[in-house]
Structures are given as structure tokens and as C-alpha cells.
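Text of the file my_file.csv, holding CSV, C-alpha atoms:
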chain,number,residue,atom,x,y,z
Y,1,MET,CA,70.5,38.7,-39.8
Y,2,LYS,CA,73.8,36.9,-40.6
Y,3,LYS,CA,76.9,37.0,-38.5
Y,4,LEU,CA,80.5,36.9,-39.5
Y,5,ILE,CA,83.8,35.5,-38.3
Y,6,ILE,CA,86.1,38.5,-37.8
Y,7,PHE,CA,89.4,36.9,-37.1
Y,8,THR,CA,90.6,33.3,-37.4
Y,9,VAL,CA,91.9,33.5,-33.8
Y,10,LEU,CA,88.4,34.4,-32.6
Y,11,CYS,CA,86.7,31.4,-34.2
Y,12,SER,CA,85.9,29.9,-30.8
Y,13,PHE,CA,84.2,33.2,-29.8
Y,14,LEU,CA,82.0,33.3,-32.9
Y,15,GLY,CA,81.4,29.6,-32.9
Y,16,ALA,CA,78.0,29.7,-34.5
Y,17,CYS,CA,79.3,31.5,-37.6
Y,18,GLN,CA,81.1,28.7,-39.4
Y,19,ASN,CA,79.5,29.5,-42.7
Y,20,HIS,CA,80.6,33.1,-43.0
Y,21,GLY,CA,84.1,34.2,-44.2
Y,22,ALA,CA,86.0,37.2,-43.1
Y,23,ARG,CA,85.1,40.1,-45.4
Y,24,TYR,CA,87.0,43.1,-43.9
Y,25,ASN,CA,90.0,44.1,-41.8
Y,26,SER,CA,89.4,45.6,-38.4
Y,27,THR,CA,90.8,49.1,-37.9
Y,28,TYR,CA,90.0,49.5,-34.2
Y,29,LYS,CA,92.8,50.6,-32.0
Y,30,LYS,CA,92.6,51.2,-28.3
Y,31,HIS,CA,93.2,54.8,-27.3
Y,32,ASN,CA,95.4,55.3,-24.2
Y,33,SER,CA,93.6,58.5,-23.2
Y,34,LYS,CA,93.6,59.6,-19.6
Y,35,SER,CA,90.4,59.7,-17.6
Y,36,ILE,CA,88.2,62.8,-17.7
Y,37,MET,CA,89.4,63.7,-14.3
Y,38,THR,CA,92.2,62.0,-12.3
Y,39,THR,CA,92.6,64.4,-9.4
Y,40,SER,CA,91.6,62.7,-6.1
Y,41,ILE,CA,88.7,64.3,-4.4
Y,42,LYS,CA,87.9,63.6,-0.7
Y,43,SER,CA,84.5,63.9,0.7
Y,44,GLY,CA,83.1,62.4,3.9
Y,45,GLY,CA,86.1,60.1,4.2
Y,46,VAL,CA,85.6,58.6,0.7
Y,47,ASN,CA,88.4,58.9,-1.8
Y,48,TYR,CA,87.0,59.4,-5.3
Y,49,SER,CA,89.8,58.8,-7.8
Y,50,SER,CA,88.1,59.5,-11.1
Y,51,VAL,CA,85.1,60.9,-12.8
Y,52,THR,CA,83.8,58.7,-15.6
Y,53,GLN,CA,81.0,56.4,-16.6
Y,54,ASN,CA,81.5,52.9,-17.7
Y,55,PRO,CA,78.6,51.5,-19.7
Y,56,TRP,CA,79.7,47.9,-19.2
Y,57,GLN,CA,79.6,48.4,-15.5
Y,58,PHE,CA,76.2,50.0,-15.9
Y,59,MET,CA,75.1,47.0,-17.9
Y,60,LEU,CA,76.5,44.7,-15.2
Y,61,ALA,CA,74.5,46.6,-12.5
Y,62,GLN,CA,71.3,46.1,-14.5
Y,63,ILE,CA,71.5,42.4,-14.9
Y,64,ASN,CA,69.4,41.0,-12.1
Y,65,VAL,CA,68.4,37.6,-13.5
Y,66,ASN,CA,69.5,34.0,-13.3
Y,67,VAL,CA,70.4,32.7,-16.7
Y,68,PRO,CA,68.9,29.2,-17.1
Y,69,GLU,CA,71.4,26.4,-17.0
Y,70,ASN,CA,70.6,24.2,-20.0
Y,71,SER,CA,72.8,22.3,-22.3
Y,72,ARG,CA,72.6,24.7,-25.2
Y,73,ILE,CA,73.6,27.7,-23.1
Y,74,LYS,CA,76.3,25.8,-21.3
Y,75,ALA,CA,77.8,24.7,-24.7
Y,76,GLU,CA,77.9,28.3,-25.9
Y,77,ARG,CA,79.4,29.6,-22.6
Y,78,GLU,CA,82.1,26.9,-22.8
Y,79,ARG,CA,82.9,27.8,-26.4
Y,80,LEU,CA,83.2,31.5,-25.5
Y,81,LEU,CA,85.4,30.9,-22.5
Y,82,ARG,CA,87.9,28.9,-24.5
Y,83,ASP,CA,89.2,32.2,-25.7
Y,84,PRO,CA,88.8,34.8,-22.9
Y,85,GLN,CA,91.3,37.2,-24.5
Y,86,GLY,CA,89.3,37.1,-27.7
Y,87,PHE,CA,86.1,37.9,-25.8
Y,88,GLU,CA,87.8,40.8,-24.0
Y,89,THR,CA,89.2,42.2,-27.3
Y,90,ILE,CA,85.9,42.3,-29.0
Y,91,ALA,CA,84.2,43.7,-25.9
Y,92,LEU,CA,86.8,46.5,-25.8
Y,93,ARG,CA,86.1,47.3,-29.4
Y,94,SER,CA,82.7,48.6,-28.3
Y,95,GLU,CA,84.2,51.6,-26.5
Y,96,PRO,CA,83.5,54.3,-29.1
Y,97,TYR,CA,79.9,53.1,-29.8
Y,98,VAL,CA,78.5,51.5,-26.7
Y,99,TYR,CA,77.8,54.8,-24.8
Y,100,TYR,CA,75.3,55.9,-27.5
Y,101,ILE,CA,73.8,52.4,-27.9
Y,102,ILE,CA,73.1,51.9,-24.2
Y,103,ASN,CA,71.8,55.4,-23.7
Y,104,GLN,CA,69.4,54.9,-26.7
Y,105,LEU,CA,68.2,51.6,-25.2
Y,106,ARG,CA,67.6,53.3,-21.9
Y,107,LYS,CA,65.7,56.2,-23.5
Y,108,ASN,CA,63.5,53.7,-25.3
Y,109,ASN,CA,62.9,51.6,-22.1
Y,110,LEU,CA,64.6,48.5,-23.6
Y,111,PRO,CA,66.8,46.0,-21.8
Y,112,VAL,CA,70.4,47.2,-21.8
Y,113,GLU,CA,71.5,43.6,-22.5
Y,114,LEU,CA,70.5,44.3,-26.1
Y,115,ALA,CA,73.7,46.2,-26.4
Y,116,LEU,CA,75.3,42.7,-26.7
Y,117,ILE,CA,73.7,42.2,-30.1
Y,118,PRO,CA,76.4,44.1,-32.0
Y,119,LEU,CA,79.0,42.1,-30.1
Y,120,ILE,CA,77.6,38.9,-31.7
Y,121,GLU,CA,76.5,40.3,-35.0
Y,122,SER,CA,79.6,42.3,-36.1
Y,123,SER,CA,82.1,42.1,-33.2
Y,124,TYR,CA,81.4,45.8,-32.8
Y,125,ASP,CA,82.9,46.7,-36.1
Y,126,PRO,CA,80.8,49.0,-38.3
Y,127,MET,CA,82.9,47.9,-41.4
Y,128,ALA,CA,81.6,44.3,-41.0
Y,129,THR,CA,79.9,42.7,-44.0
Y,130,SER,CA,78.5,39.2,-44.1
Y,131,SER,CA,78.2,36.8,-47.0
Y,132,ALA,CA,74.5,37.6,-47.0
Y,133,GLN,CA,75.4,41.3,-47.5
Y,134,ALA,CA,74.3,42.2,-44.0
Y,135,ALA,CA,76.4,45.3,-42.9
Y,136,GLY,CA,77.3,47.5,-40.0
Y,137,LEU,CA,77.2,47.1,-36.2
Y,138,TRP,CA,73.7,45.7,-36.3
Y,139,GLN,CA,74.1,43.7,-39.5
Y,140,PHE,CA,71.1,44.9,-41.5
Y,141,VAL,CA,70.4,43.2,-44.8
Y,142,PRO,CA,69.4,45.5,-47.6
Y,143,ILE,CA,65.7,44.7,-47.6
Y,144,THR,CA,65.3,45.2,-43.8
Y,145,ALA,CA,67.4,48.3,-44.0
Y,146,LYS,CA,65.0,49.8,-46.6
Y,147,GLU,CA,62.0,48.8,-44.5
Y,148,TYR,CA,63.4,50.6,-41.4
Y,149,GLY,CA,64.4,53.8,-43.2
Y,150,LEU,CA,68.2,53.2,-43.5
Y,151,LYS,CA,69.3,55.1,-46.6
Y,152,GLN,CA,71.7,53.5,-49.1
Y,153,SER,CA,73.3,55.3,-52.0
Y,154,ASN,CA,76.6,55.6,-53.8
Y,155,TYR,CA,77.7,58.0,-51.1
Y,156,PHE,CA,76.2,56.9,-47.8
Y,157,ASP,CA,75.1,53.6,-46.3
Y,158,GLY,CA,73.1,54.2,-43.1
Y,159,ARG,CA,73.6,50.5,-42.1
Y,160,ARG,CA,77.1,51.4,-41.1
Y,161,ASP,CA,76.4,54.7,-39.4
Y,162,LEU,CA,76.2,54.5,-35.6
Y,163,ILE,CA,73.3,56.9,-35.2
Y,164,ALA,CA,71.1,55.8,-38.1
Y,165,SER,CA,71.7,52.0,-37.6
Y,166,THR,CA,71.2,52.1,-33.8
Y,167,ASN,CA,67.9,54.0,-34.1
Y,168,SER,CA,66.6,51.6,-36.8
Y,169,ALA,CA,67.7,48.6,-34.8
Y,170,ILE,CA,65.8,49.8,-31.8
Y,171,SER,CA,62.7,50.3,-34.0
Y,172,LEU,CA,63.1,46.8,-35.4
Y,173,LEU,CA,63.5,45.3,-31.9
Y,174,GLN,CA,60.5,47.2,-30.6
Y,175,ASN,CA,58.4,46.0,-33.5
Y,176,LEU,CA,59.4,42.4,-33.3
Y,177,ASN,CA,58.9,42.4,-29.5
Y,178,SER,CA,55.4,43.7,-29.9
Y,179,LYS,CA,54.6,41.1,-32.6
Y,180,PHE,CA,55.8,38.3,-30.3
Y,181,ASN,CA,53.9,39.6,-27.3
Y,182,GLY,CA,56.9,40.8,-25.3
Y,183,ASP,CA,58.8,37.5,-25.5
Y,184,TRP,CA,62.4,38.6,-25.9
Y,185,LEU,CA,63.8,35.2,-26.7
Y,186,LEU,CA,61.4,34.9,-29.7
Y,187,THR,CA,62.3,38.5,-30.5
Y,188,LEU,CA,66.0,37.8,-30.7
Y,189,ALA,CA,65.3,34.6,-32.7
Y,190,ALA,CA,63.4,36.7,-35.2
Y,191,TYR,CA,66.1,39.4,-35.3
Y,192,ASN,CA,68.5,36.6,-36.4
Y,193,ALA,CA,66.3,34.5,-38.6
Y,194,GLY,CA,63.5,36.8,-39.6
Y,195,GLU,CA,60.0,37.1,-38.4
Y,196,GLY,CA,58.6,34.8,-41.0
Y,197,ARG,CA,60.9,31.9,-40.1
Y,198,VAL,CA,60.0,32.1,-36.4
Y,199,ARG,CA,56.3,32.5,-37.2
Y,200,LYS,CA,56.4,29.3,-39.3
Y,201,ALA,CA,58.1,27.4,-36.6
Y,202,ILE,CA,55.5,28.5,-34.1
Y,203,GLU,CA,52.7,27.5,-36.4
Y,204,LYS,CA,54.3,24.1,-37.1
Y,205,ASN,CA,54.4,23.4,-33.3
Y,206,GLN,CA,50.9,24.6,-32.8
Y,207,ALA,CA,49.6,22.2,-35.5
Y,208,LYS,CA,51.3,19.3,-33.6
Y,209,GLY,CA,50.1,20.5,-30.2
Y,210,LEU,CA,53.7,21.2,-29.1
Y,211,PRO,CA,54.9,24.1,-26.9
Y,212,ILE,CA,55.7,27.3,-28.8
Y,213,ASN,CA,58.4,28.8,-26.6
Y,214,TYR,CA,61.8,29.5,-28.1
Y,215,TRP,CA,63.4,26.3,-26.7
Y,216,SER,CA,60.8,24.1,-28.3
Y,217,LEU,CA,61.0,25.5,-31.8
Y,218,ASP,CA,62.7,23.9,-34.8
Y,219,LEU,CA,64.7,26.9,-36.2
Y,220,PRO,CA,67.7,27.2,-38.5
Y,221,SER,CA,71.0,26.0,-36.9
Y,222,GLU,CA,72.4,29.5,-36.7
Y,223,THR,CA,69.4,30.7,-34.7
Y,224,MET,CA,69.5,27.6,-32.5
Y,225,HIS,CA,72.9,28.9,-31.4
Y,226,TYR,CA,72.2,32.6,-31.5
Y,227,VAL,CA,69.9,33.1,-28.5
Y,228,PRO,CA,71.8,30.7,-26.2
Y,229,LYS,CA,74.9,32.6,-27.1
Y,230,ILE,CA,73.4,35.9,-26.1
Y,231,LEU,CA,72.2,34.3,-22.8
Y,232,ALA,CA,75.7,32.8,-22.3
Y,233,ILE,CA,77.3,36.2,-22.7
Y,234,ILE,CA,74.8,37.8,-20.3
Y,235,ASP,CA,75.9,35.1,-17.8
Y,236,ILE,CA,79.6,35.8,-18.4
Y,237,VAL,CA,79.1,39.5,-18.0
Y,238,LYS,CA,77.1,39.0,-14.8
Y,239,ASN,CA,79.7,36.6,-13.4
Y,240,ASN,CA,82.8,38.0,-15.0
Y,241,GLN,CA,85.0,37.6,-12.0
Y,242,GLN,CA,84.0,34.0,-11.5
Y,243,TYR,CA,84.9,33.2,-15.1
Y,244,GLY,CA,88.1,35.2,-15.1
Y,245,ILE,CA,86.9,37.8,-17.7
Y,246,LYS,CA,87.9,41.4,-17.5
Y,247,LEU,CA,85.1,43.7,-18.6
Y,248,PRO,CA,86.2,46.8,-20.7
Y,249,ASP,CA,87.3,49.7,-18.6
Y,250,CYS,CA,85.8,52.2,-21.0
Y,251,ASN,CA,86.8,55.8,-21.0
Y,252,TYR,CA,84.3,58.5,-22.1
Y,253,GLU,CA,87.1,60.4,-23.9
Y,254,ASN,CA,87.1,57.6,-26.5
Y,255,SER,CA,83.4,57.7,-27.1
Y,256,LEU,CA,82.1,59.4,-30.2
Y,257,VAL,CA,80.7,62.9,-30.4
Y,258,ARG,CA,79.1,64.6,-33.4
Y,259,ILE,CA,80.4,67.6,-35.4
Y,260,ASP,CA,77.9,68.9,-38.0
Y,261,MET,CA,79.6,69.9,-41.2
Y,262,SER,CA,78.4,72.7,-43.6
Y,263,LYS,CA,79.9,71.2,-46.8
Y,264,ASN,CA,81.6,68.2,-48.2
Y,265,ILE,CA,85.1,67.4,-47.0
Y,266,ALA,CA,87.3,64.3,-47.5
Y,267,LEU,CA,88.0,62.2,-44.4
Y,268,ALA,CA,91.7,62.2,-45.4
Y,269,LYS,CA,91.8,66.0,-44.9
Y,270,ILE,CA,90.1,65.7,-41.6
Y,271,ALA,CA,92.6,63.1,-40.5
Y,272,GLN,CA,95.4,65.6,-41.2
Y,273,TYR,CA,93.8,67.9,-38.6
Y,274,THR,CA,93.7,65.2,-35.8
Y,275,GLY,CA,95.9,62.6,-34.2
Y,276,LEU,CA,93.6,60.0,-35.7
Y,277,SER,CA,94.7,57.7,-38.5
Y,278,LEU,CA,92.6,57.7,-41.7
Y,279,ASN,CA,91.6,54.0,-41.0
Y,280,ASP,CA,90.2,54.9,-37.6
Y,281,LEU,CA,88.4,57.9,-38.9
Y,282,MET,CA,86.9,55.8,-41.7
Y,283,THR,CA,85.7,53.2,-39.1
Y,284,TYR,CA,84.0,55.8,-36.9
Y,285,ASN,CA,82.3,57.2,-40.1
Y,286,ALA,CA,81.8,54.0,-41.9
Y,287,GLY,CA,78.5,55.2,-43.4
Y,288,TYR,CA,80.4,57.4,-45.9
Y,289,VAL,CA,81.1,55.1,-48.8
Y,290,GLN,CA,83.3,57.5,-50.8
Y,291,GLN,CA,85.3,58.6,-47.7
Y,292,THR,CA,83.8,62.1,-48.0
Y,293,VAL,CA,81.5,63.7,-45.5
Y,294,ASN,CA,78.2,64.3,-47.2
Y,295,GLY,CA,74.6,63.1,-47.0
Y,296,PRO,CA,73.8,63.6,-43.3
Y,297,PHE,CA,76.9,65.8,-43.0
Y,298,HIS,CA,77.7,64.7,-39.5
Y,299,LEU,CA,81.2,63.7,-38.5
Y,300,LEU,CA,81.8,61.3,-35.6
Y,301,VAL,CA,85.1,61.6,-33.7
Y,302,PRO,CA,86.2,60.6,-30.2
Y,303,TYR,CA,85.5,63.1,-27.6
Y,304,VAL,CA,89.2,63.6,-26.8
Y,305,HIS,CA,89.9,64.9,-30.4
Y,306,ALA,CA,86.7,66.9,-30.9
Y,307,GLU,CA,87.5,70.3,-29.5
Y,308,ASP,CA,90.8,70.8,-31.3
Y,309,LEU,CA,89.4,69.5,-34.5
Y,310,PHE,CA,86.3,71.7,-34.2
Y,311,LYS,CA,88.4,74.8,-33.9
Y,312,LYS,CA,90.4,73.9,-37.0
Y,313,LEU,CA,87.3,73.2,-39.0
Y,314,GLN,CA,85.6,76.3,-37.8
Y,315,ALA,CA,88.5,78.4,-39.0
Y,316,GLU,CA,87.8,77.2,-42.5
Y,317,ASN,CA,84.0,77.7,-42.2
Y,318,LEU,CA,83.4,74.0,-42.4
Y,319,VAL,CA,81.1,73.5,-39.4
Y,320,ALA,CA,77.4,74.2,-39.0
Y,321,ASN,CA,77.0,73.8,-35.3
Y,322,GLU,CA,78.7,73.3,-32.0
Y,323,ILE,CA,80.1,69.9,-30.9
Y,324,THR,CA,77.2,67.6,-29.9
Y,325,GLU,CA,77.5,64.9,-27.3
Y,326,LEU,CA,75.5,62.0,-28.4
Y,327,LEU,CA,74.2,61.1,-24.9
Y,328,GLN,CA,72.3,64.4,-24.8
Y,329,ASP,CA,71.9,64.9,-28.6
Y,330,VAL,CA,71.9,68.7,-28.2
Y,331,PRO,CA,74.8,71.1,-28.6
Y,332,HIS,CA,76.6,72.3,-25.5
Y,333,ALA,CA,75.1,69.6,-23.3
Y,334,THR,CA,77.8,68.2,-21.2
Y,335,MET,CA,77.4,64.6,-20.0
Y,336,PRO,CA,76.3,64.5,-16.4
Y,337,PHE,CA,79.4,62.9,-15.0
Y,338,GLU,CA,79.1,61.2,-11.7
Y,339,VAL,CA,81.7,60.2,-9.2
Y,340,LYS,CA,83.0,56.6,-9.6
Y,341,SER,CA,84.0,55.0,-6.3
Y,342,SER,CA,83.8,51.2,-5.6
Y,343,THR,CA,80.4,51.1,-7.2
Y,344,ILE,CA,79.4,52.8,-10.4
Y,345,LYS,CA,76.2,54.7,-10.1
Y,346,TYR,CA,74.1,56.1,-12.9
Y,347,SER,CA,71.2,58.5,-13.1
Y,348,SER,CA,68.0,57.3,-14.8
Y,349,THR,CA,66.9,59.0,-18.1
Y,350,ASN,CA,63.3,58.4,-17.2
Y,351,ASN,CA,61.1,56.9,-14.5
Y,352,LYS,CA,60.1,53.8,-16.4
Y,353,THR,CA,61.2,50.3,-15.4
Y,354,VAL,CA,63.7,48.7,-17.7
Y,355,ASN,CA,62.9,45.1,-18.2
Y,356,SER,CA,65.4,42.3,-18.7
Y,357,ILE,CA,65.2,40.1,-21.8
Y,358,LEU,CA,64.5,37.2,-19.4
Y,359,GLY,CA,61.4,39.0,-18.0
Y,360,LYS,CA,62.6,40.3,-14.7
Y,361,ASN,CA,63.1,43.9,-13.7
Y,362,GLY,CA,66.5,45.4,-13.8
Y,363,ASN,CA,68.0,46.7,-10.5
Y,364,SER,CA,68.9,50.3,-11.6
Y,365,SER,CA,70.5,52.5,-9.0
Y,366,LYS,CA,68.3,55.2,-7.4
Y,367,LYS,CA,71.0,57.1,-5.5
Y,368,ILE,CA,73.8,58.8,-7.3
Y,369,THR,CA,76.8,60.9,-6.3
Y,370,TYR,CA,77.4,63.9,-8.6
Y,371,LEU,CA,80.5,66.0,-9.0
Y,372,VAL,CA,79.8,69.6,-9.7
Y,373,LYS,CA,81.5,70.9,-12.9
Y,374,ALA,CA,82.4,74.3,-14.0
Y,375,GLY,CA,79.3,76.2,-15.1
Y,376,ASP,CA,76.9,74.0,-13.1
Y,377,ASN,CA,74.2,75.4,-10.8
Y,378,LEU,CA,71.5,73.7,-8.8
Y,379,TYR,CA,68.9,74.6,-11.4
Y,380,SER,CA,70.8,72.9,-14.3
Y,381,ILE,CA,71.5,69.9,-12.1
Y,382,ALA,CA,67.9,69.6,-11.0
Y,383,GLN,CA,66.8,69.8,-14.6
Y,384,ASN,CA,69.2,67.1,-15.6
Y,385,TYR,CA,67.9,64.6,-13.1
Y,386,ARG,CA,64.3,65.9,-13.1
Y,387,VAL,CA,64.2,66.6,-9.3
Y,388,LYS,CA,63.4,69.7,-7.3
Y,389,ILE,CA,66.1,72.1,-6.1
Y,390,THR,CA,64.5,72.0,-2.6
Y,391,ASP,CA,65.1,68.2,-2.6
Y,392,ILE,CA,68.8,68.7,-3.5
Y,393,LEU,CA,69.1,71.2,-0.7
Y,394,GLU,CA,67.6,68.8,1.8
Y,395,TRP,CA,69.5,65.7,0.7
Y,396,ASN,CA,72.8,67.6,1.0
Y,397,LYS,CA,71.9,69.7,4.1
Y,398,LEU,CA,72.7,72.9,2.1
Y,399,LYS,CA,71.8,76.3,3.6
Y,400,ASN,CA,71.6,78.0,0.2
Y,401,SER,CA,71.7,77.1,-3.5
Y,402,ARG,CA,75.3,78.1,-4.1
Y,403,VAL,CA,77.5,75.3,-5.4
Y,404,LYS,CA,81.0,75.5,-6.8
Y,405,GLU,CA,83.1,73.3,-9.1
Y,406,GLY,CA,84.4,70.2,-7.2
Y,407,ASP,CA,81.5,70.0,-4.7
Y,408,ILE,CA,80.0,66.5,-4.4
Y,409,LEU,CA,76.2,66.2,-4.2
Y,410,THR,CA,74.0,63.3,-3.4
Y,411,ILE,CA,70.9,62.9,-5.6
Y,412,ASN,CA,68.4,60.5,-4.2
Y,413,LEU,CA,66.2,59.6,-7.2
Y,414,ALA,CA,64.2,57.0,-5.2
Y,415,ASN,CA,62.9,59.8,-2.9
Y,416,ALA,CA,62.6,62.5,-5.4
Y,417,ASN,CA,59.5,64.6,-5.9
Y,418,PRO,CA,59.3,64.7,-9.8
Y,419,ILE,CA,59.0,68.1,-11.3
How does the structure come out when it is put into C-alpha cells?
Amino acid sequence: MKKLIIFTVLCSFLGACQNHGARYNSTYKKHNSKSIMTTSIKSGGVNYSSVTQNPWQFMLAQINVNVPENSRIKAERERLLRDPQGFETIALRSEPYVYYIINQLRKNNLPVELALIPLIESSYDPMATSSAQAAGLWQFVPITAKEYGLKQSNYFDGRRDLIASTNSAISLLQNLNSKFNGDWLLTLAAYNAGEGRVRKAIEKNQAKGLPINYWSLDLPSETMHYVPKILAIIDIVKNNQQYGIKLPDCNYENSLVRIDMSKNIALAKIAQYTGLSLNDLMTYNAGYVQQTVNGPFHLLVPYVHAEDLFKKLQAENLVANEITELLQDVPHATMPFEVKSSTIKYSSTNNKTVNSILGKNGNSSKKITYLVKAGDNLYSIAQNYRVKITDILEWNKLKNSRVKEGDILTINLANANPI
């Protein structure tokens, strides 16, 4: 898959993309929304100042590998670090999309570092189009898009849709990784150059009695840069403080949620109902070629705008369902927010071990701190984390199952008795 230089000022960041010209204008704007909760909550002497989840911090917590120090990775890292502000700008552009992407990777037991692919492929802009006609966050070319079920018509291009393209990208990555016997470096090379190119390079080395690992293969120039660049970014994320890089401080209010529509409606009309510009709304819903919600009939908007917009659309009988949070993918399901203190802690969506692209196991947190929300009860909390109510009672020394909004619970996944 081909990549693209987004802005001239970011040439040093996308250094391996010299042969691609800018084909679109970025419409991303940072929303200055407040955190979900800013009231200080004190418990056990600890001051919890906000309730949110930051996927970049989660990714950081998962990286438990030492990136090899070879000349190709070093060169890519040095190129990236020449423009730290450019790196930070592109990373921040991930905010509306990265929650869904990382959650889907976790659900499918894939390394969360794969969320860095759109950062390289499209600079996290769903409007991106390369000179080879690769499109969207994951830069699917038409033939691969068709193979992996991404619909393209005069009205809808699934390559640009967050939900459709992410799910197809995961299927593609799983398929390639299976074909290359779990070798993620060969998988990433094939994602960039195509399975056939990598297979031919392997066969060429085999015929000469040469090693067949990624570093030994003769691949296209772009692919020779592509994998080292991903590894360099992993190293930068892991050691961001050392390199003077600020990771995005993502706010869940700016992540996208889904509103299912009952009929066609122009995005321009929807923009009138919200505080969003038409350009931003078009970017979040880039799959709609004609700027009209049709086809899959789902509208993607930032969480912070969703409730007010939903009420206005409902008044005109334009909605077919409740607001759907993409992390749960079912209506009414509120994201299981957890307390953020000095260390971000996340619950696990399953009991499988998530592997790193470098072959070592991630270091996912097993103990989380949960802030009880309005409407919560121990049954719903236990169901969310797949633990027993009796365990929650024991971990928190509770005499009964009554909890109220604002209570803070410890959930020890490592010592849970799965239900």
C-alpha cells in the first residue's frame, strides 16, 4: 500500500514517501473539549483529578520490547525526530479514530502497535489518497479493498469509512500474518508491498541459500524504509520523554460515536444542527462520496456533539436507533471509564495475551481502579469485566452490594475467578 506526503512541512516525518504528491487538504481541527469529569475525587489519600482513557498511554503501557538498534531503524528515527512538532501534530490527528482502532485490535488479539499503521499510511486522515489510488486511513488500493469486502460505489467508499476500513484492515493483517507464520515484520512488509512481492523476495533468497528474514530481503525501496519506520515510531512512543516528544493527551469526548439514520440526509444539513464545520463532518464521514448519509446509514460524530444532535434528528424522525458508542458497539453501552491517576490503567476485553510485533508479550495491566457512574450496579460492573460479584465485594471489603455514583472500586483482574 502506498503512502502520501500530507504537508510539505512534514516531509521529514514522511521521509520514505518522496514519490507521492499531496492529493488532499487536511480538515482536522483539535477540539478544546473539557474532560468527561474534572471534579477531584479523593479516596484512600489519592487525588484522582479526571476520568478518561487515553489510548496512546494504553499503547505505551503495552510496549514491552527493546527495538533493535540497527542503521536502518536509527536513520528513520533521526528523520522523524528532525520535526518533533510534525510528529506530534499527526499523532494528535488520531484522536477521533484511535479509540475504535485500538479497541478492535485488542478484541482481535492483535498488537496495539498496529494502530501506528494509519499514522504512516495516511497521517490519520481518512481523506488521504495516494498516487496509486490507495485511500482512507489504512490506504487500501481498489483491488485489495474489493478482496476484503470494502464496498465502493458512486455514493459510498468503504475504504474511507472508519468502521469498515478498520475491520477490513484487521482481516488483512490477520491473513498476512498467518501466511507468514506469525512473523510481523514480514507481515508489515507485505502490507506495504503486497504479499507477492515479499514472497518472491523470500524465494529469491532461498534459491541463493540466504536468510529469509525481513532484514535480509531485497524489497522495493519504500518497503525497505516502511518497517524500520514503524519500529522507529514504536521506539519513540516507548521513550517519548527521552526524545522530547509529547504523546497526544486524547479526550474521549472527541472520539467518534455512531448514530444510525433512517433515511438520506445531507451532511450540510447535519452540520447546521451541530457546532461542527461541514469540513470536519465530511472528514469524520469520509466514506460518503456525495456528502449525503446513505449506504450504511451510519453517521459518525464526536461524543461531545452526539446527544444534542441525536435529539434534533429524532425530532425529525431521522434516526433509527440510540447513540452507539463504538467501543461497545451496542446502543446504551457506556464506556467503562476508569480513574486516571499517575498511571493509566485499562481493563482487558478478553483473557488472551496480546503479542508485540517484535514477538514479546505485552505487559497489560491486571489491576484497575473503577469510578462508579450513575446507573451502575455491581452486576453490570461484574459483567463488564467478566468477574464475580463476590470477588468485587472481597477486593473492596464491601459488606453488601450497594454502590453509588462516585464510589471507587478496585478490580483485580489477575486474581479474578472468571465467570
Rows by chain and residue number, range 176-273 of chain Y within 9 Å of range 116-135 of chain Y, shortest pair, all atoms listed in the file, as a Markdown table:
| residue | atom | partner | partner_atom | distance |
| --- | --- | --- | --- | --- |
| Y:Leu188 | CA | Y:Ile117 | CA | 8.9 |
| Y:Asn192 | CA | Y:Glu121 | CA | 8.9 |
| Y:Tyr226 | CA | Y:Ile120 | CA | 8.3 |
| Y:Lys229 | CA | Y:Ile120 | CA | 8.3 |
| Y:Ile230 | CA | Y:Leu116 | CA | 7.1 |
| Y:Ile233 | CA | Y:Leu116 | CA | 7.9 |
| Y:Ile234 | CA | Y:Leu116 | CA | 8.1 |
Show which residues sit within 9 Å of range 111-114 of chain Y, as JSON, numbers by chain. Count all atoms listed in the file, and ignore same-chain residues fewer than 6 positions away. {"Y": [58, 59, 60, 62, 63, 101, 102, 103, 105, 230, 234, 354, 355, 356, 357, 362]}
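Compared by their closest atoms to Leu176 in chain Y, and using all atoms listed in the file, the residues Y:Ala190, Y:Leu137, Y:Ala115, Y:Ala286 rank with Y:Ala190 nearest.
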Close residues, range 389-400 of chain Y itself excluded, 7 Å, all atoms listed in the file, min 6 positions apart in chain, as a list in words: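 Everything that qualifies: Leu378, Tyr379, Ala382, Leu409, Thr410, Ile411 and Ala416 of chain Y.
Distance check against Glu253 in chain Y using all atoms listed in the file: of Y:Ile143, Y:Tyr99, Y:Asn205, Y:Gly86, the minimum falls on Y:Tyr99.
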Return the single residue from Y:Ala169, Y:Ile259, Y:Asp249, Y:Leu210 that is closest to Asn108 in chain Y, with distances computed using all atoms listed in the file. Y:Ala169
Write out as a PyMOL selection string the residues lying within 12 Å of Glu316 in chain Y, counting all atoms listed in the file and excluding same-chain residues fewer than 2 positions away. chain Y and resi 261-263+265+270+273+309-314+318-320
Pick out the closest residue to Pro220 in chain Y from this set: Y:Ala193, Y:Val301, Y:Ala75, Y:Ala268. Count all atoms listed in the file.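 Under the stated criterion, the closest residue is Y:Ala193.
Straight-line separation from CA of Val227 in chain Y to CA of Thr283 in chain Y: 27.7 Å.
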Could you check which of Y:Glu95, Y:Asp235, Y:Glu195, Y:Asp280 is closest to Asn177 in chain Y, using only C-alpha atoms?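 Result for the nearest residue to Asn177 in chain Y: Y:Glu195.
Between CA of Leu150 in chain Y and CA of Val289 in chain Y lies a distance of 14.1 Å.
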Quick one: residues within 8 Å of range 212-219 of chain Y, all atoms listed in the file counted, chain neighbours fewer than 6 positions away excluded, as a CSV table (one decimal) with C-alpha atoms, in the coordinates of the input?
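Everything below was put into result.csv:
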chain,number,residue,atom,x,y,z
Y,185,LEU,CA,63.8,35.2,-26.7
Y,186,LEU,CA,61.4,34.9,-29.7
Y,189,ALA,CA,65.3,34.6,-32.7
Y,197,ARG,CA,60.9,31.9,-40.1
Y,198,VAL,CA,60.0,32.1,-36.4
Y,201,ALA,CA,58.1,27.4,-36.6
Y,202,ILE,CA,55.5,28.5,-34.1
Y,205,ASN,CA,54.4,23.4,-33.3
Y,206,GLN,CA,50.9,24.6,-32.8
Take CA of Tyr370 in chain Y and CA of Tyr100 in chain Y and report the distance between them in Å, one decimal.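 Spanning CA of Tyr370 in chain Y to CA of Tyr100 in chain Y is a straight-line distance of 20.6 Å.
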Minimum-distance residue to Asn251 in chain Y, chosen among Y:Tyr288, Y:Lys151, Y:Asn54, Y:Arg199 (using all atoms listed in the file):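 The closest residue to Asn251 in chain Y is Y:Asn54.
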List the neighbours of Val67 in chain Y out to 10 Å using all atoms listed in the file; skip same-chain residues closer than 5 positions along the sequence, and give me the result as a PDB file with C-alpha atoms, keeping the file's coordinate frame.
ATOM      1  CA  ILE Y  73      73.600  27.700 -23.100  1.00  0.00           C
ATOM      2  CA  PRO Y 228      71.800  30.700 -26.200  1.00  0.00           C
ATOM      3  CA  LEU Y 231      72.200  34.300 -22.800  1.00  0.00           C
ATOM      4  CA  ALA Y 232      75.700  32.800 -22.300  1.00  0.00           C
ATOM      5  CA  ILE Y 233      77.300  36.200 -22.700  1.00  0.00           C
ATOM      6  CA  ILE Y 234      74.800  37.800 -20.300  1.00  0.00           C
ATOM      7  CA  ASP Y 235      75.900  35.100 -17.800  1.00  0.00           C
ATOM      8  CA  ILE Y 236      79.600  35.800 -18.400  1.00  0.00           C
ATOM      9  CA  LYS Y 238      77.100  39.000 -14.800  1.00  0.00           C
ATOM     10  CA  LEU Y 358      64.500  37.200 -19.400  1.00  0.00           C
TER      11      LEU Y 358
END
